[in-house]
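Listing of protein-v1.cif; format and content: mmCIF, C-alpha atoms and all ligand atoms; chains and numbers go by the auth columns.
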data_target
loop_
_atom_site.group_PDB
_atom_site.id
_atom_site.type_symbol
_atom_site.label_atom_id
_atom_site.label_comp_id
_atom_site.label_asym_id
_atom_site.label_seq_id
_atom_site.Cartn_x
_atom_site.Cartn_y
_atom_site.Cartn_z
_atom_site.B_iso_or_equiv
_atom_site.auth_seq_id
_atom_site.auth_asym_id
ATOM 1 C CA MET A 1 114.954 206.712 227.469 0.00 26 A
ATOM 2 C CA LEU A 2 114.533 210.136 225.859 0.00 27 A
ATOM 3 C CA THR A 3 116.615 212.973 227.268 0.00 28 A
ATOM 4 C CA ILE A 4 114.754 216.060 228.397 0.00 29 A
ATOM 5 C CA THR A 5 115.830 219.066 226.298 0.00 30 A
ATOM 6 C CA ASN A 6 115.060 222.759 226.084 0.00 31 A
ATOM 7 C CA GLN A 7 114.580 222.656 222.332 0.00 32 A
ATOM 8 C CA ILE A 8 111.731 224.459 220.604 0.00 33 A
ATOM 9 C CA PRO A 9 108.338 222.812 221.131 0.00 34 A
ATOM 10 C CA TRP A 10 106.933 220.414 218.559 0.00 35 A
ATOM 11 C CA THR A 11 103.898 221.664 216.666 0.00 36 A
ATOM 12 C CA ALA A 12 100.642 219.990 217.686 0.00 37 A
ATOM 13 C CA ALA A 13 100.876 217.698 214.642 0.00 38 A
ATOM 14 C CA GLU A 14 104.498 216.774 215.360 0.00 39 A
ATOM 15 C CA PHE A 15 103.690 216.119 219.007 0.00 40 A
ATOM 16 C CA GLU A 16 100.743 213.888 218.136 0.00 41 A
ATOM 17 C CA ALA A 17 102.936 212.001 215.667 0.00 42 A
ATOM 18 C CA GLU A 18 105.581 211.450 218.398 0.00 43 A
ATOM 19 C CA LEU A 19 102.903 210.025 220.685 0.00 44 A
ATOM 20 C CA ARG A 20 101.415 207.786 217.990 0.00 45 A
ATOM 21 C CA LYS A 21 104.903 206.595 217.047 0.00 46 A
ATOM 22 C CA GLN A 22 104.977 204.607 220.304 0.00 47 A
ATOM 23 C CA HIS A 23 102.458 202.143 218.846 0.00 48 A
ATOM 24 C CA HIS A 24 105.213 199.585 218.250 0.00 49 A
ATOM 25 C CA ARG A 25 105.631 199.310 222.047 0.00 50 A
ATOM 26 C CA TYR A 26 101.965 198.417 222.618 0.00 51 A
ATOM 27 C CA HIS A 27 101.008 195.020 224.033 0.00 52 A
ATOM 28 C CA HIS A 28 99.062 193.909 220.935 0.00 53 A
ATOM 29 C CA LEU A 29 102.463 192.736 219.610 0.00 54 A
ATOM 30 C CA HIS A 30 103.266 190.637 222.663 0.00 55 A
ATOM 31 C CA PRO A 31 103.582 186.896 221.834 0.00 56 A
ATOM 32 C CA PHE A 32 100.863 186.042 224.371 0.00 57 A
ATOM 33 C CA HIS A 33 98.344 188.294 222.617 0.00 58 A
ATOM 34 C CA GLN A 34 99.493 186.998 219.247 0.00 59 A
ATOM 35 C CA ARG A 35 98.855 183.443 220.404 0.00 60 A
ATOM 36 C CA MET A 36 95.511 184.487 221.855 0.00 61 A
ATOM 37 C CA ASN A 37 94.499 185.985 218.530 0.00 62 A
ATOM 38 C CA ALA A 38 95.635 182.879 216.639 0.00 63 A
ATOM 39 C CA GLY A 39 93.399 180.721 218.852 0.00 64 A
ATOM 40 C CA GLU A 40 96.366 178.950 220.430 0.00 65 A
ATOM 41 C CA LEU A 41 95.813 179.585 224.138 0.00 66 A
ATOM 42 C CA THR A 42 94.756 176.747 226.405 0.00 67 A
ATOM 43 C CA LYS A 43 91.774 177.170 228.708 0.00 68 A
ATOM 44 C CA GLU A 44 94.164 177.526 231.666 0.00 69 A
ATOM 45 C CA GLU A 45 96.045 180.332 229.869 0.00 70 A
ATOM 46 C CA VAL A 46 92.838 182.203 229.062 0.00 71 A
ATOM 47 C CA GLN A 47 91.748 181.884 232.680 0.00 72 A
ATOM 48 C CA ARG A 48 95.160 183.092 233.872 0.00 73 A
ATOM 49 C CA TRP A 49 94.860 186.144 231.641 0.00 74 A
ATOM 50 C CA VAL A 50 91.340 186.936 232.866 0.00 75 A
ATOM 51 C CA ILE A 51 92.299 186.557 236.553 0.00 76 A
ATOM 52 C CA ASN A 52 95.404 188.701 236.283 0.00 77 A
ATOM 53 C CA ARG A 53 94.002 191.362 233.977 0.00 78 A
ATOM 54 C CA PHE A 54 91.286 191.806 236.558 0.00 79 A
ATOM 55 C CA TYR A 55 93.878 193.305 238.890 0.00 80 A
ATOM 56 C CA TYR A 56 94.552 195.935 236.204 0.00 81 A
ATOM 57 C CA GLN A 57 90.829 196.547 235.695 0.00 82 A
ATOM 58 C CA ARG A 58 90.056 197.008 239.361 0.00 83 A
ATOM 59 C CA ASN A 59 92.933 199.469 239.799 0.00 84 A
ATOM 60 C CA ILE A 60 91.970 201.740 236.906 0.00 85 A
ATOM 61 C CA PRO A 61 89.418 203.711 238.979 0.00 86 A
ATOM 62 C CA LEU A 62 92.057 204.133 241.712 0.00 87 A
ATOM 63 C CA LYS A 63 94.546 205.648 239.285 0.00 88 A
ATOM 64 C CA ASP A 64 91.799 207.868 237.830 0.00 89 A
ATOM 65 C CA ALA A 65 90.909 209.024 241.339 0.00 90 A
ATOM 66 C CA ALA A 66 94.615 209.833 241.851 0.00 91 A
ATOM 67 C CA ILE A 67 94.559 211.930 238.676 0.00 92 A
ATOM 68 C CA LEU A 68 91.464 213.762 239.939 0.00 93 A
ATOM 69 C CA SER A 69 93.133 214.441 243.281 0.00 94 A
ATOM 70 C CA ASN A 70 96.126 216.040 241.531 0.00 95 A
ATOM 71 C CA CYS A 71 94.187 218.076 238.974 0.00 96 A
ATOM 72 C CA PRO A 72 93.335 221.671 239.906 0.00 97 A
ATOM 73 C CA ASP A 73 91.064 222.256 236.866 0.00 98 A
ATOM 74 C CA HIS A 74 87.403 221.622 237.744 0.00 99 A
ATOM 75 C CA GLU A 75 86.322 221.334 234.102 0.00 100 A
ATOM 76 C CA VAL A 76 88.836 218.569 233.542 0.00 101 A
ATOM 77 C CA ARG A 77 87.737 216.849 236.747 0.00 102 A
ATOM 78 C CA ARG A 78 84.078 217.097 235.698 0.00 103 A
ATOM 79 C CA HIS A 79 84.948 215.215 232.531 0.00 104 A
ATOM 80 C CA TRP A 80 87.513 212.783 233.948 0.00 105 A
ATOM 81 C CA ILE A 81 85.216 211.562 236.713 0.00 106 A
ATOM 82 C CA SER A 82 83.118 209.704 234.108 0.00 107 A
ATOM 83 C CA ARG A 83 86.005 207.269 233.712 0.00 108 A
ATOM 84 C CA ILE A 84 85.566 206.166 237.326 0.00 109 A
ATOM 85 C CA ILE A 85 81.839 205.754 236.782 0.00 110 A
ATOM 86 C CA ASP A 86 82.469 203.741 233.597 0.00 111 A
ATOM 87 C CA HIS A 87 84.387 201.194 235.645 0.00 112 A
ATOM 88 C CA ASP A 88 82.626 201.297 238.997 0.00 113 A
ATOM 89 C CA GLY A 89 79.083 201.720 237.605 0.00 114 A
ATOM 90 C CA THR A 90 76.283 203.683 239.212 0.00 115 A
ATOM 91 C CA THR A 91 74.278 200.773 240.570 0.00 116 A
ATOM 92 C CA GLU A 92 74.930 197.171 241.469 0.00 117 A
ATOM 93 C CA ALA A 93 75.782 195.006 238.468 0.00 118 A
ATOM 94 C CA THR A 94 76.768 197.904 236.213 0.00 119 A
ATOM 95 C CA GLY A 95 80.165 199.181 235.112 0.00 120 A
ATOM 96 C CA GLY A 96 83.335 197.682 233.708 0.00 121 A
ATOM 97 C CA ILE A 97 84.447 195.852 236.840 0.00 122 A
ATOM 98 C CA GLU A 98 81.156 193.945 236.991 0.00 123 A
ATOM 99 C CA ALA A 99 81.418 193.267 233.251 0.00 124 A
ATOM 100 C CA TRP A 100 84.901 191.807 233.760 0.00 125 A
ATOM 101 C CA LEU A 101 83.534 189.597 236.558 0.00 126 A
ATOM 102 C CA LYS A 102 80.997 188.315 234.012 0.00 127 A
ATOM 103 C CA LEU A 103 83.860 187.571 231.647 0.00 128 A
ATOM 104 C CA GLY A 104 85.358 185.605 234.538 0.00 129 A
ATOM 105 C CA GLU A 105 82.161 183.568 234.873 0.00 130 A
ATOM 106 C CA ALA A 106 82.096 183.016 231.109 0.00 131 A
ATOM 107 C CA VAL A 107 85.550 181.408 231.259 0.00 132 A
ATOM 108 C CA GLY A 108 84.601 179.304 234.298 0.00 133 A
ATOM 109 C CA LEU A 109 85.884 181.429 237.197 0.00 134 A
ATOM 110 C CA CYS A 110 83.778 182.455 240.156 0.00 135 A
ATOM 111 C CA LYS A 111 83.615 186.037 241.345 0.00 136 A
ATOM 112 C CA GLU A 112 85.298 185.256 244.676 0.00 137 A
ATOM 113 C CA HIS A 113 88.311 183.824 242.850 0.00 138 A
ATOM 114 C CA LEU A 114 88.768 187.030 240.839 0.00 139 A
ATOM 115 C CA LEU A 115 88.199 189.297 243.797 0.00 140 A
ATOM 116 C CA ASN A 116 90.856 187.526 245.851 0.00 141 A
ATOM 117 C CA ASP A 117 94.133 189.412 245.260 0.00 142 A
ATOM 118 C CA GLN A 118 96.050 186.333 246.416 0.00 143 A
ATOM 119 C CA ASN A 119 95.365 184.968 242.948 0.00 144 A
ATOM 120 C CA THR A 120 97.270 187.808 241.254 0.00 145 A
ATOM 121 C CA LEU A 121 100.802 187.027 240.058 0.00 146 A
ATOM 122 C CA PRO A 122 103.509 189.127 241.769 0.00 147 A
ATOM 123 C CA GLY A 123 104.778 190.559 238.459 0.00 148 A
ATOM 124 C CA VAL A 124 101.281 191.753 237.557 0.00 149 A
ATOM 125 C CA ARG A 125 100.825 193.314 240.967 0.00 150 A
ATOM 126 C CA TYR A 126 104.145 195.162 240.669 0.00 151 A
ATOM 127 C CA ALA A 127 103.347 196.458 237.198 0.00 152 A
ATOM 128 C CA VAL A 128 99.831 197.644 238.038 0.00 153 A
ATOM 129 C CA ASP A 129 100.844 199.151 241.388 0.00 154 A
ATOM 130 C CA ALA A 130 103.563 201.093 239.552 0.00 155 A
ATOM 131 C CA TYR A 131 100.865 202.619 237.344 0.00 156 A
ATOM 132 C CA VAL A 132 98.749 203.693 240.317 0.00 157 A
ATOM 133 C CA ASN A 133 101.836 205.136 242.045 0.00 158 A
ATOM 134 C CA PHE A 134 102.841 206.962 238.877 0.00 159 A
ATOM 135 C CA CYS A 135 99.446 208.667 238.794 0.00 160 A
ATOM 136 C CA LYS A 136 99.610 209.498 242.492 0.00 161 A
ATOM 137 C CA THR A 137 103.014 211.126 242.302 0.00 162 A
ATOM 138 C CA LYS A 138 103.435 212.670 238.825 0.00 163 A
ATOM 139 C CA PRO A 139 101.922 215.915 237.566 0.00 164 A
ATOM 140 C CA TRP A 140 98.349 215.212 236.485 0.00 165 A
ATOM 141 C CA ILE A 141 98.977 215.934 232.800 0.00 166 A
ATOM 142 C CA GLU A 142 101.714 213.279 232.662 0.00 167 A
ATOM 143 C CA SER A 143 99.281 210.800 234.170 0.00 168 A
ATOM 144 C CA VAL A 144 96.749 211.781 231.521 0.00 169 A
ATOM 145 C CA ALA A 145 99.446 211.186 228.892 0.00 170 A
ATOM 146 C CA SER A 146 100.057 207.724 230.310 0.00 171 A
ATOM 147 C CA SER A 147 96.427 206.850 229.555 0.00 172 A
ATOM 148 C CA LEU A 148 97.090 207.420 225.841 0.00 173 A
ATOM 149 C CA THR A 149 97.754 203.733 225.278 0.00 174 A
ATOM 150 C CA GLU A 150 94.025 203.911 224.653 0.00 175 A
ATOM 151 C CA LEU A 151 94.840 205.447 221.273 0.00 176 A
ATOM 152 C CA PHE A 152 96.047 201.974 220.337 0.00 177 A
ATOM 153 C CA GLY A 153 93.496 199.991 222.342 0.00 178 A
ATOM 154 C CA PRO A 154 90.411 199.821 220.119 0.00 179 A
ATOM 155 C CA ASP A 155 92.156 198.076 217.187 0.00 180 A
ATOM 156 C CA ALA A 156 93.688 195.551 219.580 0.00 181 A
ATOM 157 C CA ILE A 157 90.372 194.925 221.327 0.00 182 A
ATOM 158 C CA ARG A 158 88.507 194.566 218.008 0.00 183 A
ATOM 159 C CA THR A 159 90.985 191.923 216.828 0.00 184 A
ATOM 160 C CA ARG A 160 90.842 190.147 220.199 0.00 185 A
ATOM 161 C CA LEU A 161 87.052 190.108 220.293 0.00 186 A
ATOM 162 C CA ALA A 162 86.855 188.559 216.804 0.00 187 A
ATOM 163 C CA ALA A 163 89.479 185.960 217.792 0.00 188 A
ATOM 164 C CA LEU A 164 87.713 185.054 221.029 0.00 189 A
ATOM 165 C CA GLU A 165 84.402 184.614 219.184 0.00 190 A
ATOM 166 C CA LYS A 166 85.977 182.539 216.446 0.00 191 A
ATOM 167 C CA HIS A 167 88.457 180.313 218.276 0.00 192 A
ATOM 168 C CA TYR A 168 87.261 179.931 221.843 0.00 193 A
ATOM 169 C CA LEU A 169 83.821 178.435 221.432 0.00 194 A
ATOM 170 C CA TRP A 170 83.882 177.103 224.995 0.00 195 A
ATOM 171 C CA ILE A 171 83.581 180.693 226.312 0.00 196 A
ATOM 172 C CA ASP A 172 80.039 181.926 226.884 0.00 197 A
ATOM 173 C CA PRO A 173 79.783 184.911 224.477 0.00 198 A
ATOM 174 C CA LYS A 174 77.805 186.858 227.101 0.00 199 A
ATOM 175 C CA GLY A 175 81.186 187.412 228.713 0.00 200 A
ATOM 176 C CA PHE A 176 82.373 189.566 225.824 0.00 201 A
ATOM 177 C CA ASP A 177 80.238 192.606 226.689 0.00 202 A
ATOM 178 C CA TYR A 178 83.191 194.236 228.441 0.00 203 A
ATOM 179 C CA PHE A 179 85.086 194.476 225.157 0.00 204 A
ATOM 180 C CA ARG A 180 82.056 195.733 223.212 0.00 205 A
ATOM 181 C CA THR A 181 81.588 198.554 225.708 0.00 206 A
ATOM 182 C CA ARG A 182 85.276 199.476 225.592 0.00 207 A
ATOM 183 C CA LEU A 183 85.130 199.704 221.806 0.00 208 A
ATOM 184 C CA HIS A 184 82.669 202.526 222.314 0.00 209 A
ATOM 185 C CA GLN A 185 84.287 204.210 225.375 0.00 210 A
ATOM 186 C CA ALA A 186 88.003 203.982 224.582 0.00 211 A
ATOM 187 C CA PRO A 187 88.060 206.133 221.410 0.00 212 A
ATOM 188 C CA GLN A 188 86.160 208.916 223.208 0.00 213 A
ATOM 189 C CA ASP A 189 88.459 208.702 226.235 0.00 214 A
ATOM 190 C CA ALA A 190 91.547 208.701 224.040 0.00 215 A
ATOM 191 C CA ARG A 191 90.386 211.687 221.978 0.00 216 A
ATOM 192 C CA TYR A 192 89.651 213.766 225.077 0.00 217 A
ATOM 193 C CA ALA A 193 92.970 212.829 226.722 0.00 218 A
ATOM 194 C CA LEU A 194 94.930 213.540 223.529 0.00 219 A
ATOM 195 C CA ASN A 195 93.427 217.026 223.218 0.00 220 A
ATOM 196 C CA LEU A 196 94.210 217.724 226.883 0.00 221 A
ATOM 197 C CA VAL A 197 97.813 216.617 226.517 0.00 222 A
ATOM 198 C CA ILE A 198 98.346 218.609 223.331 0.00 223 A
ATOM 199 C CA SER A 199 96.817 221.773 224.754 0.00 224 A
ATOM 200 C CA ASN A 200 98.556 221.552 228.166 0.00 225 A
ATOM 201 C CA CYS A 201 102.047 220.448 227.159 0.00 226 A
ATOM 202 C CA ARG A 202 103.334 223.609 225.527 0.00 227 A
ATOM 203 C CA THR A 203 107.074 223.318 226.136 0.00 228 A
ATOM 204 C CA ARG A 204 109.320 220.730 224.552 0.00 229 A
ATOM 205 C CA ASP A 205 110.215 219.527 228.025 0.00 230 A
ATOM 206 C CA MET A 206 106.556 218.847 228.881 0.00 231 A
ATOM 207 C CA GLN A 207 105.957 217.254 225.495 0.00 232 A
ATOM 208 C CA GLU A 208 108.876 214.886 225.978 0.00 233 A
ATOM 209 C CA ARG A 209 107.708 214.047 229.484 0.00 234 A
ATOM 210 C CA ALA A 210 104.308 213.161 228.014 0.00 235 A
ATOM 211 C CA VAL A 211 105.941 210.827 225.485 0.00 236 A
ATOM 212 C CA GLN A 212 107.927 209.217 228.308 0.00 237 A
ATOM 213 C CA ALA A 213 104.740 208.746 230.324 0.00 238 A
ATOM 214 C CA LEU A 214 103.226 206.908 227.370 0.00 239 A
ATOM 215 C CA ILE A 215 106.342 204.743 227.043 0.00 240 A
ATOM 216 C CA PHE A 216 106.168 203.969 230.775 0.00 241 A
ATOM 217 C CA LYS A 217 102.573 202.817 230.334 0.00 242 A
ATOM 218 C CA CYS A 218 103.408 200.666 227.300 0.00 243 A
ATOM 219 C CA ASP A 219 106.157 199.052 229.391 0.00 244 A
ATOM 220 C CA LEU A 220 103.694 198.361 232.192 0.00 245 A
ATOM 221 C CA LEU A 221 101.261 196.631 229.840 0.00 246 A
ATOM 222 C CA TRP A 222 104.124 194.640 228.315 0.00 247 A
ATOM 223 C CA SER A 223 105.501 193.599 231.735 0.00 248 A
ATOM 224 C CA GLN A 224 102.029 192.590 232.813 0.00 249 A
ATOM 225 C CA LEU A 225 101.748 190.186 229.891 0.00 250 A
ATOM 226 C CA GLU A 226 105.262 188.863 230.431 0.00 251 A
ATOM 227 C CA ALA A 227 104.212 187.842 233.936 0.00 252 A
ATOM 228 C CA ILE A 228 100.931 186.374 232.685 0.00 253 A
ATOM 229 C CA GLU A 229 102.649 184.406 229.941 0.00 254 A
ATOM 230 C CA ARG A 230 105.163 182.921 232.397 0.00 255 A
ATOM 231 C CA GLY A 231 102.480 182.069 234.935 0.00 256 A
ATOM 232 C CA GLU A 232 103.019 180.834 238.488 0.00 257 A
ATOM 233 C CA THR A 233 106.623 179.927 239.258 0.00 258 A
ATOM 234 C CA ARG A 234 106.463 180.004 243.070 0.00 259 A
ATOM 235 C CA PRO A 235 106.580 176.666 244.847 0.00 260 A
ATOM 236 C CA ILE A 236 103.212 175.419 246.000 0.00 261 A
ATOM 237 C CA ASN A 237 102.861 176.035 249.730 0.00 262 A
ATOM 238 C CA VAL A 238 101.503 172.802 251.220 0.00 263 A
HETATM 239 O O1 LIG B . 92.372 195.201 226.804 0.00 1 B
HETATM 240 C C1 LIG B . 93.227 196.022 226.517 0.00 1 B
HETATM 241 O O2 LIG B . 94.113 195.803 225.677 0.00 1 B
HETATM 242 C C2 LIG B . 93.165 197.311 227.208 0.00 1 B
HETATM 243 C C3 LIG B . 94.207 198.189 227.149 0.00 1 B
HETATM 244 C C4 LIG B . 94.112 199.390 227.861 0.00 1 B
HETATM 245 C C5 LIG B . 95.248 200.288 227.728 0.00 1 B
HETATM 246 O O3 LIG B . 95.757 200.417 226.604 0.00 1 B
HETATM 247 O O4 LIG B . 95.713 200.831 228.707 0.00 1 B
HETATM 248 C C6 LIG B . 92.983 199.654 228.641 0.00 1 B
HETATM 249 C C7 LIG B . 91.965 198.695 228.603 0.00 1 B
HETATM 250 N N1 LIG B . 92.059 197.559 227.912 0.00 1 B
HETATM 251 C C8 LIG B . 90.763 198.897 229.315 0.00 1 B
HETATM 252 O O5 LIG B . 89.877 198.050 229.272 0.00 1 B
HETATM 253 C C9 LIG B . 90.581 200.055 230.089 0.00 1 B
HETATM 254 O O6 LIG B . 89.534 200.239 230.697 0.00 1 B
HETATM 255 C C10 LIG B . 91.611 200.992 230.148 0.00 1 B
HETATM 256 C C11 LIG B . 91.731 202.175 230.859 0.00 1 B
HETATM 257 C C12 LIG B . 92.995 202.627 230.602 0.00 1 B
HETATM 258 C C13 LIG B . 93.654 203.799 231.151 0.00 1 B
HETATM 259 O O7 LIG B . 94.886 203.818 231.137 0.00 1 B
HETATM 260 O O8 LIG B . 92.965 204.702 231.639 0.00 1 B
HETATM 261 N N2 LIG B . 93.599 201.786 229.736 0.00 1 B
HETATM 262 C C14 LIG B . 92.782 200.779 229.452 0.00 1 B
#
As structure tokens, what does this structure read like?
Ligand SMILES: O=C(O)c1cc(C(=O)O)c2c(n1)C(=O)C(=O)c1cc(C(=O)O)[nH]c1-2
Amino acid sequence: MLTITNQIPWTAAEFEAELRKQHHRYHHLHPFHQRMNAGELTKEEVQRWVINRFYYQRNIPLKDAAILSNCPDHEVRRHWISRIIDHDGTTEATGGIEAWLKLGEAVGLCKEHLLNDQNTLPGVRYAVDAYVNFCKTKPWIESVASSLTELFGPDAIRTRLAALEKHYLWIDPKGFDYFRTRLHQAPQDARYALNLVISNCRTRDMQERAVQALIFKCDLLWSQLEAIERGETRPINV
């Protein structure tokens, strides 16, 4: 963990470089994603990933609403609110959550199965709930900084999409729309969030807190995959 200092602030370029330097912590390097990209996952493992990642997906609007509730700047709120709409949609059958449910169908899982939180692994629940709590309790700009994993997301999603199309021919390709949409949304979201963080974190202390928020988020994504890779270890309750 970095120690908070009262040193002189980084320049904008130095600060951005410190944030980008955290790339090596991102979940694209996790063995589960590496195996996914190499075409080595079984159908059960793909389904496990889709079920459990859904818990992350459905909590993203909640953490964005927490950021809104902590942010006193109406111009930022006016912009940030689009993230909730991206996931929740504006009408039935639109938005990222519905698109993920379609991915579920494409891998052979019904909507009810995904929507039932009982099917979420405890480690995934802990990791995702920690993210929502972080955004409820930390200063809004640190929560914005924690979203900067999206700087690293598009490359990972592009690689994943190509791997899913190439290696997992049993998946209905209609299910991949979620990833195509994110390839368009994530770079815009990341650019806006990066500019906000750079312009609002003016002291070295705030800059280092922003880097720590990003590390926290990388750890959450990593822990989530650790739990998914391990799978269910609880005894079956008969
Ligand atoms: O599939 C992925 O690898 C991945 C990663 C991330 C991320 O880096 O947090 C997000 C997403 N997907 C995603 O779909 C998404 O909507 C999203 C929102 C956020 C966020 O923190 O606000 N991250 C991510």
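Excluding Asp197 of chain A itself and any same-chain residue fewer than 6 positions from it, the protein and nucleic acid residues within 10 Å of it, counting all atoms listed in the file, are A:Lys127, A:Leu128, A:Glu130, A:Ala131, A:Val132, A:Gly133, A:Glu190.
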Hey, can you spit out that residue selection with C-alpha atoms as a short mmCIF file (atom, residue, chain, number, x, y, z; two decimals), in the frame of the given file?
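again-v3.cif, freshly written:
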data_model
loop_
_atom_site.label_atom_id
_atom_site.label_comp_id
_atom_site.auth_asym_id
_atom_site.auth_seq_id
_atom_site.Cartn_x
_atom_site.Cartn_y
_atom_site.Cartn_z
CA LYS A 127 81.00 188.32 234.01
CA LEU A 128 83.86 187.57 231.65
CA GLU A 130 82.16 183.57 234.87
CA ALA A 131 82.10 183.02 231.11
CA VAL A 132 85.55 181.41 231.26
CA GLY A 133 84.60 179.30 234.30
CA GLU A 190 84.40 184.61 219.18
#
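Taking all atoms listed in the file, the non-local environment of Gly129 of chain A within 10 Å (same-chain residues fewer than 6 positions away omitted) comprises A:Val71, A:Gln72, A:Trp74, A:Val75, A:Ile76, A:Phe79, A:Glu123, A:Cys135, A:Lys136, A:His138, A:Leu139, A:Ile196, A:Gly200.
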| said: So that I can see what lies close to Ala218 of chain A, please list as an MDAnalysis selection string the residues with an atom at most 7 Å from it, counting all atoms listed in the file and leaving out residues fewer than 3 positions away in the same chain. | reply: chainID A and resid 169 173 214:215 221:222
| said: Within 8 Å of ligand LIG 1 (chain B) (counting all atoms listed in the file), which residues show up? I'd like them as a PyMOL selection string. | reply: chain A and resi 51-53+82+85+88-89+108+112+121+171-179+181-182+203-204+207+211+242-243+246
| Skipping near chain neighbours, those fewer than 3 positions away, what residues fall within 7 Å of Phe57 of chain A using all atoms listed in the file, listed as a ChimeraX atom specification? | /A:60-61,250,254
| What do you get, as an NGL selection string, if you spell out every residue that the PyMOL selection byres (((chain A and resi 167) around 9) and not hetatm) selects here? | :A and (159-160 or 163-166 or 168-172 or 222 or 231 or 234-239)
Residue selection dump (C-alpha atoms) as a short mmCIF file (atom, residue, chain, number, x, y, z; two decimals), in the coordinates of the input:
data_model
loop_
_atom_site.label_atom_id
_atom_site.label_comp_id
_atom_site.auth_asym_id
_atom_site.auth_seq_id
_atom_site.Cartn_x
_atom_site.Cartn_y
_atom_site.Cartn_z
CA PHE A 159 102.84 206.96 238.88
CA CYS A 160 99.45 208.67 238.79
CA LYS A 163 103.44 212.67 238.82
CA PRO A 164 101.92 215.92 237.57
CA TRP A 165 98.35 215.21 236.48
CA ILE A 166 98.98 215.93 232.80
CA SER A 168 99.28 210.80 234.17
CA VAL A 169 96.75 211.78 231.52
CA ALA A 170 99.45 211.19 228.89
CA SER A 171 100.06 207.72 230.31
CA SER A 172 96.43 206.85 229.56
CA VAL A 222 97.81 216.62 226.52
CA MET A 231 106.56 218.85 228.88
CA ARG A 234 107.71 214.05 229.48
CA ALA A 235 104.31 213.16 228.01
CA VAL A 236 105.94 210.83 225.48
CA GLN A 237 107.93 209.22 228.31
CA ALA A 238 104.74 208.75 230.32
CA LEU A 239 103.23 206.91 227.37
#
| field | Distance query Gly64 of chain A at most 7 Å, all atoms listed in the file, self and fewer than 6 positions along chain excluded, as a VMD selection string | value | chain A and resid 188 192 to 193
| query | By how many Å are atom CA of Pro212 of chain A and atom CA of Thr184 of chain A apart? | reply | 15.2 Å
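Running the PyMOL selection byres (((chain A and resi 33) around 6) and not hetatm) on this file leaves Gln32, Pro34 and Arg229 of chain A selected.
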Padding of 6 Å on every side, edges along x, y and z, all listed atoms of segment 191-208 of chain A included: what centre and edge lengths in Å, to one decimal, does that box have, as JSON?
{"center_x": 83.1, "center_y": 188.4, "center_z": 222.6, "size_x": 22.7, "size_y": 34.6, "size_z": 24.3}
| request: Select, from A:Asn84, A:Thr36, A:Thr115, A:Asn262, the residue with the minimum atom-to-atom distance to Asn158 of chain A, counting only C-alpha atoms. | output: A:Asn84
| query | What is the distance between atom CA of Gln232 of chain A and atom CA of Asp98 of chain A, in Å to one decimal? | reply |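 Distance between the two atoms: 19.4 Å.
Comparing the minimum interatomic distances between Glu70 of chain A and each of A:Leu87, A:Ala37, A:Ile106, A:Ala252, counting only C-alpha atoms, we find that A:Ala252 sits nearest.
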| To one decimal place, how far is atom CA of Ala124 of chain A from atom CA of Asn77 of chain A in Å? | 15.0 Å
